[in-house]
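Reviewing the structure listed below.
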Amino acid sequence: MNELLSKLLNEEESEYLDFKMKWYSKDENFELIHDILCLSNSPCNNKNRYIVIGVDDNKETHTKTIFSANENVNTTENITQLLQKYMLKVPLISISREIIDNKSVYIIQITPNYSDLPYVLN
């Protein structure tokens, strides 16, 4: 497991971190856009913001369960193109894949450009 994922799995959801059990379906594109928009505009000190897909964060027990997130996998290009349809300016997006116990976990890294804030929909 890489250092970034290890660090994120030891944190709680916050203004720069969100956990999702599975990838957004095609019907959930606006939820994906909304989550990226909210994290991009979040007033936090972190340069990068993250959506970790394939992890359930139990808020009561503060435990994380790893799921395999191989369905409906998006690429960096797909997400960037989707954002460009609805936003004038888009944050930098990158996706990485990690394997934990033979399960795929994806990290969407969102890096807003502070001069473009706030990000808004067309």
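Order determines the names: the first chain of the structure tokens is A, the second B, and so forth; residues in each chain are numbered 1 upward, and ligands are numbered 1 upward as they are shown.
Considering only range 8-97 of chain A, backbone DSSP assigns strand (DSSP E or B) to Ser14, Leu17, Asp18, Phe19, Lys20, Arg49, Tyr50, Ile51, Val52, Ile53, Val55, Asp56, Asp57, Asn58, Thr63, Lys64, Thr65, Ile66, Met87, Leu92, Ile93, Ser94, Ile95, Ser96 and Arg97 of chain A.
Residues with any atom within 10 Å of Leu83 in chain A, counting only C-alpha atoms and excluding same-chain neighbours fewer than 4 positions away, are Asn29, Phe30, Leu32, Ile33, His34, Ile36, Leu37, Glu77, Asn78, Ile79, Met87, Leu88, Lys89, Val90, Pro91, Ile93 and Leu121 of chain A.
Using only C-alpha atoms, the smallest distance between any of A:Glu12, A:Asp18, A:Glu28, A:Asp56 and Ser68 in chain A comes from A:Asp56.
As for CA of Asn70 in chain A and CA of Asn48 in chain A, they are spaced 23.8 Å apart.
Using only C-alpha atoms, the residues found no farther than 8 Å from Tyr50 in chain A, other than those of its own chain fewer than 5 positions away, are Tyr16, Leu17, Asp18, Leu39, Ile107, Ile108, Gln109 and Ile110 of chain A.
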Residues from last step as file, N, CA and C atoms, as a JSON list (two decimals), in the first residue's frame:
```json
[["chain", "number", "residue", "atom", "x", "y", "z"],
["A", 16, "TYR", "N", -11.38, 17.94, 3.09],
["A", 16, "TYR", "CA", -10.53, 17.58, 1.95],
["A", 16, "TYR", "C", -10.52, 16.09, 1.64],
["A", 17, "LEU", "N", -11.36, 15.30, 2.33],
["A", 17, "LEU", "CA", -11.34, 13.85, 2.16],
["A", 17, "LEU", "C", -12.73, 13.27, 2.21],
["A", 18, "ASP", "N", -13.04, 12.44, 1.21],
["A", 18, "ASP", "CA", -14.35, 11.77, 1.15],
["A", 18, "ASP", "C", -14.11, 10.31, 0.78],
["A", 39, "LEU", "N", -15.35, 19.73, -2.81],
["A", 39, "LEU", "CA", -13.99, 19.55, -2.30],
["A", 39, "LEU", "C", -13.05, 20.62, -2.87],
["A", 107, "ILE", "N", -7.98, 6.39, -5.88],
["A", 107, "ILE", "CA", -7.89, 7.72, -5.27],
["A", 107, "ILE", "C", -8.04, 8.75, -6.37],
["A", 108, "ILE", "N", -9.09, 9.57, -6.27],
["A", 108, "ILE", "CA", -9.22, 10.72, -7.15],
["A", 108, "ILE", "C", -8.58, 11.88, -6.40],
["A", 109, "GLN", "N", -7.50, 12.38, -6.95],
["A", 109, "GLN", "CA", -6.82, 13.53, -6.35],
["A", 109, "GLN", "C", -7.29, 14.78, -7.08],
["A", 110, "ILE", "N", -7.73, 15.74, -6.32],
["A", 110, "ILE", "CA", -8.24, 17.00, -6.85],
["A", 110, "ILE", "C", -7.30, 18.11, -6.38]]
```
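The list of residues with at least one atom within 8 Å of range 95-99 of chain A, based on only C-alpha atoms and without residues fewer than 6 positions apart in the same chain, reads Met1, Asn2, Leu5, Thr75, Thr76, Val105, Tyr106, Ile107, Ile108 and Gln109 of chain A.
Proximity of A:Tyr86, A:Ser40, A:Leu8, A:Gln81 to Val52 in chain A, computed with only C-alpha atoms, is greatest for A:Leu8.
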Among range 9-111 of chain A, which residues carry a DSSP assignment of helix (DSSP H, G or I), reported as a VMD selection string?
-> chain A and resid 9 26 to 41 76 to 86
Can you write out the residues you just picked, keeping N, CA and C atoms, as a PDB file, in the first residue's frame?
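Result written to part.pdb:
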```
ATOM      1  N   LEU A   9      -6.305   6.450   4.851  1.00  0.00           N
ATOM      2  CA  LEU A   9      -7.095   5.452   5.565  1.00  0.00           C
ATOM      3  C   LEU A   9      -7.045   5.645   7.078  1.00  0.00           C
ATOM      4  N   LYS A  26     -23.144   5.909 -14.061  1.00  0.00           N
ATOM      5  CA  LYS A  26     -23.398   6.951 -15.080  1.00  0.00           C
ATOM      6  C   LYS A  26     -24.557   7.848 -14.658  1.00  0.00           C
ATOM      7  N   ASP A  27     -25.528   7.282 -13.918  1.00  0.00           N
ATOM      8  CA  ASP A  27     -26.664   8.074 -13.433  1.00  0.00           C
ATOM      9  C   ASP A  27     -26.264   9.018 -12.299  1.00  0.00           C
ATOM     10  N   GLU A  28     -25.081   8.828 -11.749  1.00  0.00           N
ATOM     11  CA  GLU A  28     -24.627   9.635 -10.624  1.00  0.00           C
ATOM     12  C   GLU A  28     -23.559  10.647 -11.019  1.00  0.00           C
ATOM     13  N   ASN A  29     -23.477  10.977 -12.302  1.00  0.00           N
ATOM     14  CA  ASN A  29     -22.467  11.938 -12.760  1.00  0.00           C
ATOM     15  C   ASN A  29     -22.575  13.278 -12.047  1.00  0.00           C
ATOM     16  N   PHE A  30     -23.809  13.726 -11.785  1.00  0.00           N
ATOM     17  CA  PHE A  30     -23.958  15.013 -11.111  1.00  0.00           C
ATOM     18  C   PHE A  30     -23.509  14.927  -9.657  1.00  0.00           C
ATOM     19  N   GLU A  31     -23.636  13.760  -9.028  1.00  0.00           N
ATOM     20  CA  GLU A  31     -23.115  13.589  -7.668  1.00  0.00           C
ATOM     21  C   GLU A  31     -21.586  13.663  -7.684  1.00  0.00           C
ATOM     22  N   LEU A  32     -20.973  13.054  -8.693  1.00  0.00           N
ATOM     23  CA  LEU A  32     -19.522  13.134  -8.844  1.00  0.00           C
ATOM     24  C   LEU A  32     -19.086  14.587  -9.036  1.00  0.00           C
ATOM     25  N   ILE A  33     -19.746  15.297  -9.941  1.00  0.00           N
ATOM     26  CA  ILE A  33     -19.432  16.709 -10.184  1.00  0.00           C
ATOM     27  C   ILE A  33     -19.608  17.518  -8.899  1.00  0.00           C
ATOM     28  N   HIS A  34     -20.705  17.280  -8.200  1.00  0.00           N
ATOM     29  CA  HIS A  34     -20.986  17.991  -6.950  1.00  0.00           C
ATOM     30  C   HIS A  34     -19.887  17.740  -5.918  1.00  0.00           C
ATOM     31  N   ASP A  35     -19.493  16.485  -5.748  1.00  0.00           N
ATOM     32  CA  ASP A  35     -18.456  16.160  -4.762  1.00  0.00           C
ATOM     33  C   ASP A  35     -17.121  16.826  -5.123  1.00  0.00           C
ATOM     34  N   ILE A  36     -16.763  16.798  -6.393  1.00  0.00           N
ATOM     35  CA  ILE A  36     -15.514  17.431  -6.822  1.00  0.00           C
ATOM     36  C   ILE A  36     -15.601  18.948  -6.637  1.00  0.00           C
ATOM     37  N   LEU A  37     -16.725  19.518  -6.983  1.00  0.00           N
ATOM     38  CA  LEU A  37     -16.933  20.967  -6.824  1.00  0.00           C
ATOM     39  C   LEU A  37     -16.818  21.371  -5.349  1.00  0.00           C
ATOM     40  N   CYS A  38     -17.483  20.622  -4.474  1.00  0.00           N
ATOM     41  CA  CYS A  38     -17.446  20.945  -3.044  1.00  0.00           C
ATOM     42  C   CYS A  38     -16.031  20.818  -2.479  1.00  0.00           C
ATOM     43  N   LEU A  39     -15.346  19.731  -2.808  1.00  0.00           N
ATOM     44  CA  LEU A  39     -13.989  19.555  -2.302  1.00  0.00           C
ATOM     45  C   LEU A  39     -13.055  20.623  -2.870  1.00  0.00           C
ATOM     46  N   SER A  40     -13.231  20.973  -4.133  1.00  0.00           N
ATOM     47  CA  SER A  40     -12.384  21.998  -4.755  1.00  0.00           C
ATOM     48  C   SER A  40     -12.535  23.346  -4.074  1.00  0.00           C
ATOM     49  N   ASN A  41     -13.755  23.677  -3.689  1.00  0.00           N
ATOM     50  CA  ASN A  41     -14.037  24.978  -3.081  1.00  0.00           C
ATOM     51  C   ASN A  41     -13.900  24.982  -1.562  1.00  0.00           C
ATOM     52  N   THR A  76      -9.021   9.522 -15.657  1.00  0.00           N
ATOM     53  CA  THR A  76      -8.762  10.952 -15.436  1.00  0.00           C
ATOM     54  C   THR A  76      -9.352  11.768 -16.582  1.00  0.00           C
ATOM     55  N   GLU A  77      -9.155  11.280 -17.811  1.00  0.00           N
ATOM     56  CA  GLU A  77      -9.658  12.008 -18.984  1.00  0.00           C
ATOM     57  C   GLU A  77     -11.177  12.081 -18.991  1.00  0.00           C
ATOM     58  N   ASN A  78     -11.846  10.977 -18.646  1.00  0.00           N
ATOM     59  CA  ASN A  78     -13.314  10.963 -18.619  1.00  0.00           C
ATOM     60  C   ASN A  78     -13.863  11.980 -17.616  1.00  0.00           C
ATOM     61  N   ILE A  79     -13.278  12.001 -16.437  1.00  0.00           N
ATOM     62  CA  ILE A  79     -13.768  12.923 -15.410  1.00  0.00           C
ATOM     63  C   ILE A  79     -13.477  14.368 -15.811  1.00  0.00           C
ATOM     64  N   THR A  80     -12.298  14.625 -16.335  1.00  0.00           N
ATOM     65  CA  THR A  80     -11.956  15.983 -16.765  1.00  0.00           C
ATOM     66  C   THR A  80     -12.900  16.446 -17.869  1.00  0.00           C
ATOM     67  N   GLN A  81     -13.182  15.582 -18.844  1.00  0.00           N
ATOM     68  CA  GLN A  81     -14.117  15.942 -19.920  1.00  0.00           C
ATOM     69  C   GLN A  81     -15.522  16.189 -19.376  1.00  0.00           C
ATOM     70  N   LEU A  82     -15.958  15.375 -18.426  1.00  0.00           N
ATOM     71  CA  LEU A  82     -17.271  15.573 -17.814  1.00  0.00           C
ATOM     72  C   LEU A  82     -17.331  16.930 -17.123  1.00  0.00           C
ATOM     73  N   LEU A  83     -16.316  17.264 -16.363  1.00  0.00           N
ATOM     74  CA  LEU A  83     -16.276  18.558 -15.669  1.00  0.00           C
ATOM     75  C   LEU A  83     -16.273  19.712 -16.654  1.00  0.00           C
ATOM     76  N   GLN A  84     -15.558  19.569 -17.760  1.00  0.00           N
ATOM     77  CA  GLN A  84     -15.478  20.639 -18.760  1.00  0.00           C
ATOM     78  C   GLN A  84     -16.826  20.922 -19.407  1.00  0.00           C
ATOM     79  N   LYS A  85     -17.711  19.948 -19.409  1.00  0.00           N
ATOM     80  CA  LYS A  85     -19.055  20.166 -19.966  1.00  0.00           C
ATOM     81  C   LYS A  85     -19.879  21.104 -19.092  1.00  0.00           C
ATOM     82  N   TYR A  86     -19.581  21.124 -17.788  1.00  0.00           N
ATOM     83  CA  TYR A  86     -20.435  21.850 -16.852  1.00  0.00           C
ATOM     84  C   TYR A  86     -19.743  22.987 -16.113  1.00  0.00           C
TER      85      TYR A  86
END
```
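Interatomic distance, CA of Pro43 in chain A against CA of Glu15 in chain A: 7.4 Å.
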Across A:Ser94, A:Thr63, A:Asn122, A:Ser115, the smallest distance to Asn10 in chain A, with only C-alpha atoms counted, is shown by A:Thr63
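Interatomic distance, CA of Arg49 in chain A to CA of Asp116 in chain A: 15.5 Å.
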Shell of 9 Å around Lys20 in chain A, only C-alpha atoms, local chain residues under 2 positions omitted, as an NGL selection string = :A and (18 or 22-24 or 51-57)
Write the residues of the preceding selection, restricted to all heavy atoms, as a JSON list (two decimals), in the first residue's frame.
```json
[["chain", "number", "residue", "atom", "x", "y", "z"],
["A", 18, "ASP", "N", -13.04, 12.44, 1.21],
["A", 18, "ASP", "CA", -14.35, 11.77, 1.15],
["A", 18, "ASP", "C", -14.11, 10.31, 0.78],
["A", 18, "ASP", "O", -13.26, 10.01, -0.07],
["A", 18, "ASP", "CB", -15.22, 12.46, 0.10],
["A", 18, "ASP", "CG", -16.68, 12.10, 0.21],
["A", 18, "ASP", "OD1", -17.09, 11.44, 1.18],
["A", 18, "ASP", "OD2", -17.45, 12.50, -0.69],
["A", 22, "LYS", "N", -18.18, 2.66, -3.69],
["A", 22, "LYS", "CA", -18.07, 2.23, -5.08],
["A", 22, "LYS", "C", -18.02, 3.45, -5.98],
["A", 22, "LYS", "O", -18.30, 4.57, -5.57],
["A", 22, "LYS", "CB", -19.25, 1.34, -5.46],
["A", 22, "LYS", "CG", -20.60, 2.01, -5.31],
["A", 22, "LYS", "CD", -21.74, 1.05, -5.54],
["A", 22, "LYS", "CE", -23.04, 1.73, -5.24],
["A", 22, "LYS", "NZ", -23.84, 2.09, -6.34],
["A", 23, "TRP", "N", -17.65, 3.19, -7.23],
["A", 23, "TRP", "CA", -17.61, 4.25, -8.23],
["A", 23, "TRP", "C", -19.00, 4.80, -8.46],
["A", 23, "TRP", "O", -20.00, 4.10, -8.32],
["A", 23, "TRP", "CB", -17.06, 3.72, -9.56],
["A", 23, "TRP", "CG", -15.59, 3.78, -9.64],
["A", 23, "TRP", "CD1", -14.72, 2.75, -9.43],
["A", 23, "TRP", "CD2", -14.79, 4.93, -9.95],
["A", 23, "TRP", "NE1", -13.43, 3.18, -9.58],
["A", 23, "TRP", "CE2", -13.44, 4.52, -9.90],
["A", 23, "TRP", "CE3", -15.07, 6.24, -10.26],
["A", 23, "TRP", "CZ2", -12.38, 5.38, -10.15],
["A", 23, "TRP", "CZ3", -14.03, 7.11, -10.51],
["A", 23, "TRP", "CH2", -12.70, 6.68, -10.46],
["A", 24, "TYR", "N", -19.07, 6.04, -8.85],
["A", 24, "TYR", "CA", -20.32, 6.68, -9.24],
["A", 24, "TYR", "C", -20.80, 6.02, -10.52],
["A", 24, "TYR", "O", -20.02, 5.84, -11.46],
["A", 24, "TYR", "CB", -20.08, 8.17, -9.52],
["A", 24, "TYR", "CG", -19.51, 8.95, -8.36],
["A", 24, "TYR", "CD1", -18.15, 8.95, -8.10],
["A", 24, "TYR", "CD2", -20.33, 9.72, -7.55],
["A", 24, "TYR", "CE1", -17.62, 9.69, -7.05],
["A", 24, "TYR", "CE2", -19.82, 10.45, -6.49],
["A", 24, "TYR", "CZ", -18.46, 10.43, -6.25],
["A", 24, "TYR", "OH", -17.94, 11.16, -5.21],
["A", 51, "ILE", "N", -10.98, 11.91, -3.07],
["A", 51, "ILE", "CA", -12.12, 11.00, -2.98],
["A", 51, "ILE", "C", -11.51, 9.61, -3.08],
["A", 51, "ILE", "O", -10.86, 9.29, -4.08],
["A", 51, "ILE", "CB", -13.15, 11.22, -4.10],
["A", 51, "ILE", "CG1", -13.69, 12.66, -4.05],
["A", 51, "ILE", "CG2", -14.29, 10.19, -3.97],
["A", 51, "ILE", "CD1", -14.61, 13.00, -5.22],
["A", 52, "VAL", "N", -11.68, 8.81, -2.04],
["A", 52, "VAL", "CA", -11.14, 7.45, -2.02],
["A", 52, "VAL", "C", -12.30, 6.51, -2.29],
["A", 52, "VAL", "O", -13.28, 6.48, -1.54],
["A", 52, "VAL", "CB", -10.47, 7.13, -0.68],
["A", 52, "VAL", "CG1", -9.90, 5.72, -0.69],
["A", 52, "VAL", "CG2", -9.36, 8.14, -0.38],
["A", 53, "ILE", "N", -12.20, 5.76, -3.39],
["A", 53, "ILE", "CA", -13.29, 4.90, -3.83],
["A", 53, "ILE", "C", -12.92, 3.45, -3.57],
["A", 53, "ILE", "O", -11.86, 2.99, -3.96],
["A", 53, "ILE", "CB", -13.60, 5.14, -5.32],
["A", 53, "ILE", "CG1", -14.01, 6.60, -5.51],
["A", 53, "ILE", "CG2", -14.68, 4.17, -5.81],
["A", 53, "ILE", "CD1", -14.21, 7.02, -6.93],
["A", 54, "GLY", "N", -13.85, 2.74, -2.91],
["A", 54, "GLY", "CA", -13.63, 1.35, -2.54],
["A", 54, "GLY", "C", -13.47, 1.19, -1.04],
["A", 54, "GLY", "O", -13.06, 0.14, -0.56],
["A", 55, "VAL", "N", -13.83, 2.24, -0.30],
["A", 55, "VAL", "CA", -13.67, 2.23, 1.15],
["A", 55, "VAL", "C", -14.94, 2.76, 1.80],
["A", 55, "VAL", "O", -15.45, 3.81, 1.42],
["A", 55, "VAL", "CB", -12.48, 3.11, 1.60],
["A", 55, "VAL", "CG1", -12.37, 3.16, 3.11],
["A", 55, "VAL", "CG2", -11.19, 2.60, 0.98],
["A", 56, "ASP", "N", -15.45, 2.01, 2.78],
["A", 56, "ASP", "CA", -16.58, 2.48, 3.58],
["A", 56, "ASP", "C", -16.03, 2.97, 4.91],
["A", 56, "ASP", "O", -15.26, 2.27, 5.57],
["A", 56, "ASP", "CB", -17.59, 1.35, 3.81],
["A", 56, "ASP", "CG", -18.77, 1.80, 4.65],
["A", 56, "ASP", "OD1", -19.26, 2.93, 4.44],
["A", 56, "ASP", "OD2", -19.20, 1.02, 5.52],
["A", 57, "ASP", "N", -16.40, 4.18, 5.28],
["A", 57, "ASP", "CA", -15.96, 4.78, 6.52],
["A", 57, "ASP", "C", -17.12, 4.77, 7.51],
["A", 57, "ASP", "O", -18.06, 5.55, 7.36],
["A", 57, "ASP", "CB", -15.48, 6.21, 6.26],
["A", 57, "ASP", "CG", -14.96, 6.91, 7.49],
["A", 57, "ASP", "OD1", -14.52, 6.22, 8.44],
["A", 57, "ASP", "OD2", -14.98, 8.15, 7.52]]
```
